[in-house]
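These notes are about the structure you will find just below.
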Amino acid sequence: MKLNQAQNQAVTFISGPCLVLAGAGSGKTRVITNKIAYLVRDCDVPARYILAVTFTNKAAREMKERVALTLGKQESRGLKISTFHTLGLNIIKSEVKEIGLKPGFSLFDDKDSMALLKDLTMEKLDGDKEQLFLLQNCISSWKNDLIMPEQLQKKALSAGELEFAQFYLRYQQNLRAYNALDFDDLIMLPTLLLRHKEHVRLKWQKRIRYMLVDEYQDTNTSQYELVRLLVGERARFTVVGDDDQSIYSWRGAKPQNLVLLQKDFPALRVVKLEQNYRSSGRILHCANILIQNNPHVFDKKLYSELGYGEPLKILLAKNEDHEAERVVAELMAHKFMNNTQYKDYAVLYRGNHQSRLFEKVMMSNRIPYKINGGMSFFARAEVKDIMAYLRLLVNQDDDNALLRIINTPTRGIGRATLEKLGNFANELHVSLFEAACHPQLGSVISGKGLTAIENFNRWIVGLADNVMRGDTQAGIREMIKSMQYEEWLYATSTSPKAAEMGMSNISTLFGWITNMLEGDELEPPMTLPEVVNRLILRDMMERGEDKEDTDQVQLMTLHASKGLEFPYVFMVGMEEGLLPHQSSIDEDNIEEERRLAYVGVTRAQRELFFTLTRERRQYGELLNPEPSRFLYELPQDDLVWEDKKPKVSAEQRQQKGQTGIANLRNLLNK
DNA sequence: TCCCTATACATTTTT
DNA sequence: TGTATAGGGA
């Protein structure tokens, strides 16, 4: 595995701050893994002093695997590779006292935090969804900018902002009372801690002699500050990024951090990786021309030494059903002619809702496919229930968890009883569980409700004791059994099949938990509180047999495709209003949409297809979308716009399309 | 407590 | 247009 000159430069420069501008497909993962190996092997930096940070758990896992391949077990021992959020969680865990949290704190996900906000603002906002959404966003941005509620009070704010600042303060106070943190706290708290406490900062700086950051263009202000504090004066670090692939600014990412880096570290060495190893010359040329329509701070021009390749095809469809049929027909014909596999193809779209029709047509043509994204595993009711139980076992003050499951399965603790309990807890300023255990509870709740609550308390305390002390896995199994969850699921589900699905989801979850408790070559064993928090961060180590060897067409959003590559790519819905999306047109944010298109184009290795429709139904309304402006920005010499087909009636076309597909299927299946 | 109907909502969503 | 959810009525 030889490195090219630029890659080699990026790997071997270790004496100071280094920015690697890594164009799409230029081998940045290779640079990062090689650099880690270089540090350990050639520069005698023990692996435990190296920290590499990514954004997704998937990326972290992949990096771990690739480093393990080059370095081996011995040399990579103690190497720290994690996501920003897991890093933050680990810092908080070892500095609980400094931060003022009790051990065993809970993590609130977006839904939990929304539930809390809704509760806090009931009187003033009355559950106004739009306002709540705005508020949640506001708080998140404040946290990303490292602004504490107290600081906001001093600023001159409008009346509306002042009210939001008040909510922010109450929200933080409540989180603390529940001994809980939200996702943004995982970055903000360690950053503020390191900023203000020198001895803690020095301790962590000592532990990190070299730091690497992947997808640097996606960092927000607090994440960048965390990096700065960790690398300190010595500034021994490498960040890898590509401003043209910044597609998460709507989530607080600040691609300007690339420019800031040059200001904050004048000694910064900038290395550009411009040779692309992924795509045909033509695809790359198109990508370059497209992205040239955006302003740039760093100029960069990708080139490829692979062949020039086939022209990009643009398929016109009458409507969205037709679009899906055309893609499937084209895909099957292409597969037949080129003797390829299903997994060589990807269908990329702007919004998740677009997947439905493709799913439908693929299913009816028995094409194996895999949808990435959409309804998450953790959004399933049963999974949320079990997670809530586990959270409660770990932290009894977690009110959201308690509220979710105190009457699931039914225990005769109804709305009225809960309301009384809630009021009681409010008066005492304690969590619901603490209120439920209070000796004076009998003065506000009586009879059946009281007995039910007392039984529940005893049950939870006993379980928590068992699980935290003894055999955790057996304890969890016992819990699910003793509350008769399975029976309840079968009794309440719409069909036995749905209940079966539910139980199988629970086994999947249980399998992950078992894996994490036991650990493996890449991960040390964890305790239950650790497992619960990592699961909320969606950080489960799915590993083992059924990896990527299944032969399925990949369906995903353009966002989800970042970092992946496919021989043949279909970018569908290339229409004004979809890509660029209408709301981005309205907000005059075309540049990010163009980057999104750029990400899509650069996923393709050999061939690229675009599709668009004449008519599209949206919310029951019939639209006649214009072709996406991005199609016109591409070099027209490299495109083949499909001519309009001779006129055929809808029924005829339907039949034709169907029989065409059926014939192909026969050919493929024989 | 459960079931059905009316109603709201429909970009992207690494953690 | 299609789906998730909340709340009313039995």
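Within each chain, counting starts at residue 1; across the structure tokens, chains are named A, B, ... in the order shown, with ligands numbered 1 upward in that order.
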
Env of Ser355 (chain A): 8 Å cut, atoms = only C-alpha atoms (C1' of nucleotides), seq-sep filter 5 positions within chain, self excluded. Answer as a PDB file with C-alpha atoms, in the first residue's frame.
```
ATOM      1  CA  TYR A 349     -32.638  10.850  -2.721  1.00  0.00           C
ATOM      2  CA  ILE A 371     -33.049   1.044   3.229  1.00  0.00           C
ATOM      3  CA  LEU A 555     -31.398   3.079  -0.818  1.00  0.00           C
ATOM      4  CA  MET A 556     -30.539   6.122   1.269  1.00  0.00           C
TER       5      MET A 556
END
```

What are the nearest atom pairs, with distances in Å to one decimal, for all residues of chain A that come at most 8 Å from chain C, using only C-alpha atoms (C1' of nucleotides), set out by chain and rising residue number as a Markdown table?
```
| residue | atom | partner | partner_atom | distance |
| --- | --- | --- | --- | --- |
| A:Arg617 | CA | C:DT1 | C1' | 7.7 |
| A:Gln618 | CA | C:DT1 | C1' | 7.3 |
| A:Tyr619 | CA | C:DT1 | C1' | 5.5 |
| A:Gly620 | CA | C:DT1 | C1' | 4.6 |
```

Keeping only N, CA, C and O atoms, write the selected residues to a file as a tab-separated table (two decimals), in the first residue's frame.
```tsv
chain	number	residue	atom	x	y	z
A	617	ARG	N	-46.63	14.49	-7.34
A	617	ARG	CA	-47.72	14.75	-6.40
A	617	ARG	C	-47.11	15.05	-5.03
A	617	ARG	O	-46.27	14.29	-4.54
A	618	GLN	N	-47.52	16.18	-4.48
A	618	GLN	CA	-46.98	16.52	-3.18
A	618	GLN	C	-48.12	17.00	-2.29
A	618	GLN	O	-48.82	17.96	-2.64
A	619	TYR	N	-48.33	16.33	-1.19
A	619	TYR	CA	-49.44	16.64	-0.30
A	619	TYR	C	-50.74	16.67	-1.08
A	619	TYR	O	-51.58	17.55	-0.89
A	620	GLY	N	-50.90	15.77	-2.03
A	620	GLY	CA	-52.13	15.70	-2.78
A	620	GLY	C	-52.24	16.71	-3.90
A	620	GLY	O	-53.19	16.73	-4.65
```

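Residues in contact with region 481-486 of chain A at 10 Å, where only C-alpha atoms (C1' of nucleotides) are counted and same-chain residues fewer than 5 positions away are skipped, are listed as Glu382, Asp385, Ile386, Thr408, Pro409, Thr410, Arg411, Trp459, Gly475, Ile476, Ala491, Thr492, Ala499, Glu500, Gly502, Met503 and Ile506 of chain A.
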
Those same residues, written as a short mmCIF file (atom, residue, chain, number, x, y, z; two decimals), in the first residue's frame with all heavy atoms?
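The resulting part-v9.cif:
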```cif
data_model
loop_
_atom_site.label_atom_id
_atom_site.label_comp_id
_atom_site.auth_asym_id
_atom_site.auth_seq_id
_atom_site.Cartn_x
_atom_site.Cartn_y
_atom_site.Cartn_z
N GLU A 382 -41.32 -1.02 21.79
CA GLU A 382 -40.81 -2.01 22.75
C GLU A 382 -39.39 -1.68 23.17
O GLU A 382 -39.02 -1.82 24.33
CB GLU A 382 -40.77 -3.42 22.27
CG GLU A 382 -41.29 -3.99 20.96
CD GLU A 382 -41.22 -3.19 19.72
OE1 GLU A 382 -42.15 -2.39 19.55
OE2 GLU A 382 -40.32 -3.39 18.90
N ASP A 385 -39.40 1.07 25.56
CA ASP A 385 -39.84 0.60 26.88
C ASP A 385 -38.69 -0.05 27.64
O ASP A 385 -38.42 0.31 28.79
CB ASP A 385 -40.98 -0.43 26.73
CG ASP A 385 -42.29 0.22 26.33
OD1 ASP A 385 -42.41 1.44 26.50
OD2 ASP A 385 -43.18 -0.50 25.84
N ILE A 386 -38.04 -1.00 27.02
CA ILE A 386 -36.97 -1.72 27.72
C ILE A 386 -35.84 -0.76 28.08
O ILE A 386 -35.29 -0.81 29.18
CB ILE A 386 -36.44 -2.89 26.86
CG1 ILE A 386 -37.57 -3.88 26.56
CG2 ILE A 386 -35.29 -3.61 27.58
CD1 ILE A 386 -38.25 -4.47 27.79
N THR A 408 -46.63 0.59 32.13
CA THR A 408 -46.44 -0.23 30.94
C THR A 408 -45.55 -1.40 31.26
O THR A 408 -44.36 -1.19 31.45
CB THR A 408 -45.78 0.60 29.80
OG1 THR A 408 -46.55 1.78 29.61
CG2 THR A 408 -45.67 -0.19 28.55
N PRO A 409 -46.00 -2.60 31.38
CA PRO A 409 -47.41 -3.03 31.29
C PRO A 409 -48.28 -2.41 32.40
O PRO A 409 -47.76 -1.96 33.40
CB PRO A 409 -47.31 -4.55 31.49
CG PRO A 409 -45.89 -4.90 31.36
CD PRO A 409 -45.10 -3.71 31.65
N THR A 410 -49.57 -2.47 32.16
CA THR A 410 -50.52 -1.86 33.09
C THR A 410 -50.35 -2.35 34.52
O THR A 410 -50.27 -3.55 34.75
CB THR A 410 -51.95 -2.19 32.64
OG1 THR A 410 -51.93 -2.40 31.24
CG2 THR A 410 -52.87 -1.07 32.95
N ARG A 411 -50.28 -1.38 35.45
CA ARG A 411 -50.13 -1.76 36.85
C ARG A 411 -51.18 -1.07 37.71
O ARG A 411 -51.04 -1.00 38.92
CB ARG A 411 -48.76 -1.32 37.39
CG ARG A 411 -47.60 -2.02 36.76
CD ARG A 411 -46.32 -1.75 37.52
NE ARG A 411 -45.27 -2.52 36.90
CZ ARG A 411 -44.54 -2.10 35.87
NH1 ARG A 411 -44.74 -0.90 35.38
NH2 ARG A 411 -43.62 -2.88 35.33
N TRP A 459 -40.31 -3.33 43.71
CA TRP A 459 -39.87 -4.14 42.59
C TRP A 459 -38.62 -3.53 41.93
O TRP A 459 -37.63 -4.19 41.70
CB TRP A 459 -41.02 -4.25 41.57
CG TRP A 459 -40.76 -5.12 40.40
CD1 TRP A 459 -40.56 -6.47 40.41
CD2 TRP A 459 -40.67 -4.70 39.04
NE1 TRP A 459 -40.36 -6.91 39.13
CE2 TRP A 459 -40.42 -5.85 38.27
CE3 TRP A 459 -40.79 -3.46 38.40
CZ2 TRP A 459 -40.28 -5.81 36.89
CZ3 TRP A 459 -40.66 -3.42 37.03
CH2 TRP A 459 -40.40 -4.58 36.29
N GLY A 475 -30.25 -10.69 35.40
CA GLY A 475 -31.14 -9.73 36.04
C GLY A 475 -32.11 -9.11 35.05
O GLY A 475 -33.30 -8.97 35.35
N ILE A 476 -31.59 -8.73 33.89
CA ILE A 476 -32.46 -8.10 32.88
C ILE A 476 -33.50 -9.10 32.38
O ILE A 476 -34.68 -8.80 32.24
CB ILE A 476 -31.62 -7.56 31.71
CG1 ILE A 476 -30.67 -6.46 32.21
CG2 ILE A 476 -32.51 -7.01 30.62
CD1 ILE A 476 -29.63 -6.02 31.20
N ALA A 491 -50.93 -9.42 24.19
CA ALA A 491 -52.31 -9.04 24.49
C ALA A 491 -52.66 -7.69 23.86
O ALA A 491 -53.81 -7.45 23.49
CB ALA A 491 -52.52 -8.99 26.00
N THR A 492 -51.70 -6.80 23.74
CA THR A 492 -52.03 -5.45 23.28
C THR A 492 -51.71 -5.20 21.81
O THR A 492 -52.16 -4.21 21.25
CB THR A 492 -51.28 -4.39 24.12
OG1 THR A 492 -49.89 -4.67 24.05
CG2 THR A 492 -51.74 -4.40 25.56
N ALA A 499 -46.44 -8.55 17.64
CA ALA A 499 -45.86 -8.86 18.94
C ALA A 499 -44.58 -9.66 18.77
O ALA A 499 -43.59 -9.44 19.47
CB ALA A 499 -46.86 -9.64 19.78
N GLU A 500 -44.61 -10.57 17.80
CA GLU A 500 -43.43 -11.37 17.53
C GLU A 500 -42.26 -10.47 17.12
O GLU A 500 -41.14 -10.63 17.60
CB GLU A 500 -43.75 -12.32 16.36
CG GLU A 500 -43.27 -13.74 16.56
CD GLU A 500 -43.87 -14.62 15.48
OE1 GLU A 500 -45.01 -15.12 15.68
OE2 GLU A 500 -43.22 -14.76 14.44
N GLY A 502 -41.94 -7.42 17.89
CA GLY A 502 -41.53 -6.69 19.09
C GLY A 502 -40.55 -7.50 19.92
O GLY A 502 -39.50 -7.00 20.33
N MET A 503 -40.89 -8.78 20.12
CA MET A 503 -40.01 -9.61 20.95
C MET A 503 -38.67 -9.83 20.26
O MET A 503 -37.63 -9.89 20.91
CB MET A 503 -40.67 -10.97 21.25
CG MET A 503 -41.76 -10.92 22.32
SD MET A 503 -41.36 -9.90 23.75
CE MET A 503 -40.17 -10.92 24.59
N ILE A 506 -36.56 -6.95 20.90
CA ILE A 506 -36.02 -6.98 22.25
C ILE A 506 -34.83 -7.94 22.33
O ILE A 506 -33.83 -7.64 22.99
CB ILE A 506 -37.12 -7.36 23.27
CG1 ILE A 506 -38.11 -6.19 23.37
CG2 ILE A 506 -36.54 -7.66 24.64
CD1 ILE A 506 -39.30 -6.45 24.24
#
```

What lies within 12 Å of Leu194 (chain A) using only C-alpha atoms (C1' of nucleotides), ignoring chain neighbours under 2 positions off, as a PyMOL selection string? chain A and resi 88+91-92+95+98-99+187-192+196-205+222+225-232

Limited to N, CA and C atoms, could you put the picked residues into a file as a PDB file, in the first residue's frame?
```pdb
ATOM      1  N   GLY A  88     -16.646  13.194  25.134  1.00  0.00           N
ATOM      2  CA  GLY A  88     -17.211  14.072  26.159  1.00  0.00           C
ATOM      3  C   GLY A  88     -17.752  13.263  27.327  1.00  0.00           C
ATOM      4  N   ILE A  91     -14.922  12.047  29.473  1.00  0.00           N
ATOM      5  CA  ILE A  91     -14.344  13.103  30.313  1.00  0.00           C
ATOM      6  C   ILE A  91     -15.268  13.379  31.490  1.00  0.00           C
ATOM      7  N   ILE A  92     -16.546  13.504  31.207  1.00  0.00           N
ATOM      8  CA  ILE A  92     -17.502  13.793  32.283  1.00  0.00           C
ATOM      9  C   ILE A  92     -17.479  12.683  33.321  1.00  0.00           C
ATOM     10  N   GLU A  95     -14.681  12.996  35.571  1.00  0.00           N
ATOM     11  CA  GLU A  95     -14.646  14.260  36.314  1.00  0.00           C
ATOM     12  C   GLU A  95     -16.008  14.582  36.923  1.00  0.00           C
ATOM     13  N   GLU A  98     -15.908  17.159  39.739  1.00  0.00           N
ATOM     14  CA  GLU A  98     -15.592  18.529  39.312  1.00  0.00           C
ATOM     15  C   GLU A  98     -16.808  19.190  38.675  1.00  0.00           C
ATOM     16  N   ILE A  99     -17.591  18.396  37.957  1.00  0.00           N
ATOM     17  CA  ILE A  99     -18.728  18.964  37.250  1.00  0.00           C
ATOM     18  C   ILE A  99     -19.949  19.085  38.158  1.00  0.00           C
ATOM     19  N   ILE A 187     -20.708  17.837  25.111  1.00  0.00           N
ATOM     20  CA  ILE A 187     -19.584  18.604  24.574  1.00  0.00           C
ATOM     21  C   ILE A 187     -19.364  19.855  25.425  1.00  0.00           C
ATOM     22  N   MET A 188     -20.455  20.543  25.737  1.00  0.00           N
ATOM     23  CA  MET A 188     -20.332  21.828  26.427  1.00  0.00           C
ATOM     24  C   MET A 188     -19.682  21.691  27.808  1.00  0.00           C
ATOM     25  N   LEU A 189     -20.133  20.733  28.598  1.00  0.00           N
ATOM     26  CA  LEU A 189     -19.623  20.636  29.971  1.00  0.00           C
ATOM     27  C   LEU A 189     -18.124  20.341  30.035  1.00  0.00           C
ATOM     28  N   PRO A 190     -17.638  19.349  29.302  1.00  0.00           N
ATOM     29  CA  PRO A 190     -16.188  19.127  29.356  1.00  0.00           C
ATOM     30  C   PRO A 190     -15.405  20.330  28.839  1.00  0.00           C
ATOM     31  N   THR A 191     -15.930  20.980  27.809  1.00  0.00           N
ATOM     32  CA  THR A 191     -15.227  22.130  27.245  1.00  0.00           C
ATOM     33  C   THR A 191     -15.105  23.247  28.271  1.00  0.00           C
ATOM     34  N   LEU A 192     -16.229  23.559  28.933  1.00  0.00           N
ATOM     35  CA  LEU A 192     -16.176  24.619  29.939  1.00  0.00           C
ATOM     36  C   LEU A 192     -15.281  24.218  31.105  1.00  0.00           C
ATOM     37  N   HIS A 196     -11.992  26.337  32.282  1.00  0.00           N
ATOM     38  CA  HIS A 196     -11.917  27.065  33.540  1.00  0.00           C
ATOM     39  C   HIS A 196     -11.019  26.439  34.597  1.00  0.00           C
ATOM     40  N   LYS A 197     -10.799  25.135  34.533  1.00  0.00           N
ATOM     41  CA  LYS A 197      -9.982  24.508  35.575  1.00  0.00           C
ATOM     42  C   LYS A 197      -8.648  24.057  35.000  1.00  0.00           C
ATOM     43  N   GLU A 198      -7.635  24.776  35.364  1.00  0.00           N
ATOM     44  CA  GLU A 198      -6.338  24.524  34.766  1.00  0.00           C
ATOM     45  C   GLU A 198      -5.819  23.120  35.085  1.00  0.00           C
ATOM     46  N   HIS A 199      -5.981  22.688  36.362  1.00  0.00           N
ATOM     47  CA  HIS A 199      -5.401  21.392  36.716  1.00  0.00           C
ATOM     48  C   HIS A 199      -6.047  20.250  35.938  1.00  0.00           C
ATOM     49  N   VAL A 200      -7.359  20.383  35.676  1.00  0.00           N
ATOM     50  CA  VAL A 200      -8.020  19.346  34.876  1.00  0.00           C
ATOM     51  C   VAL A 200      -7.504  19.395  33.437  1.00  0.00           C
ATOM     52  N   ARG A 201      -7.377  20.617  32.927  1.00  0.00           N
ATOM     53  CA  ARG A 201      -6.912  20.780  31.554  1.00  0.00           C
ATOM     54  C   ARG A 201      -5.525  20.163  31.380  1.00  0.00           C
ATOM     55  N   LEU A 202      -4.637  20.490  32.326  1.00  0.00           N
ATOM     56  CA  LEU A 202      -3.275  19.976  32.221  1.00  0.00           C
ATOM     57  C   LEU A 202      -3.258  18.451  32.273  1.00  0.00           C
ATOM     58  N   LYS A 203      -4.127  17.908  33.133  1.00  0.00           N
ATOM     59  CA  LYS A 203      -4.184  16.454  33.263  1.00  0.00           C
ATOM     60  C   LYS A 203      -4.555  15.802  31.926  1.00  0.00           C
ATOM     61  N   TRP A 204      -5.560  16.376  31.265  1.00  0.00           N
ATOM     62  CA  TRP A 204      -6.002  15.778  29.992  1.00  0.00           C
ATOM     63  C   TRP A 204      -5.013  16.032  28.875  1.00  0.00           C
ATOM     64  N   GLN A 205      -4.395  17.210  28.916  1.00  0.00           N
ATOM     65  CA  GLN A 205      -3.393  17.484  27.879  1.00  0.00           C
ATOM     66  C   GLN A 205      -2.230  16.511  27.983  1.00  0.00           C
ATOM     67  N   SER A 222     -18.332  24.575  19.921  1.00  0.00           N
ATOM     68  CA  SER A 222     -17.881  23.952  21.169  1.00  0.00           C
ATOM     69  C   SER A 222     -16.944  22.771  20.888  1.00  0.00           C
ATOM     70  N   GLU A 225     -13.584  24.207  20.123  1.00  0.00           N
ATOM     71  CA  GLU A 225     -12.975  24.694  21.355  1.00  0.00           C
ATOM     72  C   GLU A 225     -12.430  23.523  22.182  1.00  0.00           C
ATOM     73  N   LEU A 226     -13.175  22.433  22.215  1.00  0.00           N
ATOM     74  CA  LEU A 226     -12.715  21.249  22.937  1.00  0.00           C
ATOM     75  C   LEU A 226     -11.394  20.751  22.347  1.00  0.00           C
ATOM     76  N   VAL A 227     -11.319  20.724  21.031  1.00  0.00           N
ATOM     77  CA  VAL A 227     -10.083  20.295  20.378  1.00  0.00           C
ATOM     78  C   VAL A 227      -8.940  21.225  20.777  1.00  0.00           C
ATOM     79  N   ARG A 228      -9.198  22.535  20.704  1.00  0.00           N
ATOM     80  CA  ARG A 228      -8.154  23.511  21.036  1.00  0.00           C
ATOM     81  C   ARG A 228      -7.642  23.325  22.455  1.00  0.00           C
ATOM     82  N   LEU A 229      -8.587  23.100  23.375  1.00  0.00           N
ATOM     83  CA  LEU A 229      -8.182  22.949  24.772  1.00  0.00           C
ATOM     84  C   LEU A 229      -7.382  21.665  24.979  1.00  0.00           C
ATOM     85  N   LEU A 230      -7.747  20.631  24.263  1.00  0.00           N
ATOM     86  CA  LEU A 230      -7.063  19.356  24.458  1.00  0.00           C
ATOM     87  C   LEU A 230      -5.660  19.362  23.854  1.00  0.00           C
ATOM     88  N   VAL A 231      -5.481  20.038  22.723  1.00  0.00           N
ATOM     89  CA  VAL A 231      -4.158  20.025  22.105  1.00  0.00           C
ATOM     90  C   VAL A 231      -3.226  21.063  22.741  1.00  0.00           C
ATOM     91  N   GLY A 232      -3.812  22.092  23.344  1.00  0.00           N
ATOM     92  CA  GLY A 232      -3.017  23.064  24.086  1.00  0.00           C
ATOM     93  C   GLY A 232      -1.998  23.801  23.239  1.00  0.00           C
TER      94      GLY A 232
END
```

List every residue of chain B that has an atom at most 8 Å from any atom of chain A, giving for each one its closest atom pair and the distance in Å to one decimal, counting only C-alpha atoms (C1' of nucleotides), sorted by chain and then by ascending residue number, as CSV.
```
residue,atom,partner,partner_atom,distance
B:DA10,C1',A:Tyr619,CA,7.5
B:DT11,C1',A:Gly351,CA,5.8
B:DT12,C1',A:His559,CA,6.5
B:DT13,C1',A:Arg251,CA,8.0
B:DT14,C1',A:Thr56,CA,4.9
B:DT15,C1',A:Leu537,CA,5.8
```

Take the residues that were just selected and, keeping N, CA, C and O atoms (P, O5', C5', C4', C3', O3' and C1' of nucleotides), output them as a compact mmCIF listing (two decimals), in the first residue's frame.
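Below is the file that was written, part.txt:
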```
# COMPACT_ATOMS: atom_id res chain seq x y z
P DA B 10 -44.17 18.81 9.74
O5' DA B 10 -43.45 18.25 8.43
C5' DA B 10 -42.95 16.94 8.41
C4' DA B 10 -43.24 16.33 7.06
C3' DA B 10 -43.02 17.26 5.87
O3' DA B 10 -41.64 17.28 5.52
C1' DA B 10 -44.94 15.86 5.59
P DT B 11 -41.28 18.57 4.67
O5' DT B 11 -39.85 18.53 5.27
C5' DT B 11 -39.07 18.34 4.56
C4' DT B 11 -38.10 17.34 4.15
C3' DT B 11 -37.49 16.46 5.20
O3' DT B 11 -36.96 15.34 4.55
C1' DT B 11 -36.02 18.16 4.52
P DT B 12 -36.41 14.19 5.58
O5' DT B 12 -34.88 14.59 5.69
C5' DT B 12 -33.99 14.19 4.69
C4' DT B 12 -32.62 14.70 5.02
C3' DT B 12 -32.14 14.34 6.42
O3' DT B 12 -31.24 13.26 6.32
C1' DT B 12 -31.68 16.61 5.86
P DT B 13 -31.68 11.95 7.07
O5' DT B 13 -30.97 12.11 8.49
C5' DT B 13 -29.76 12.83 8.61
C4' DT B 13 -29.61 13.18 10.08
C3' DT B 13 -30.23 12.15 11.00
O3' DT B 13 -29.20 11.66 11.83
C1' DT B 13 -30.92 14.35 11.61
P DT B 14 -28.93 10.31 12.29
O5' DT B 14 -28.04 10.83 13.54
C5' DT B 14 -26.98 11.70 13.27
C4' DT B 14 -25.75 10.86 12.98
C3' DT B 14 -24.83 10.77 14.20
O3' DT B 14 -24.17 9.52 14.19
C1' DT B 14 -23.75 11.91 12.46
P DT B 15 -24.53 8.46 15.24
O5' DT B 15 -24.32 9.28 16.59
C5' DT B 15 -23.04 9.81 16.90
C4' DT B 15 -23.26 10.82 18.02
C3' DT B 15 -23.91 10.21 19.25
O3' DT B 15 -23.02 10.34 20.35
C1' DT B 15 -25.01 12.22 18.61
```
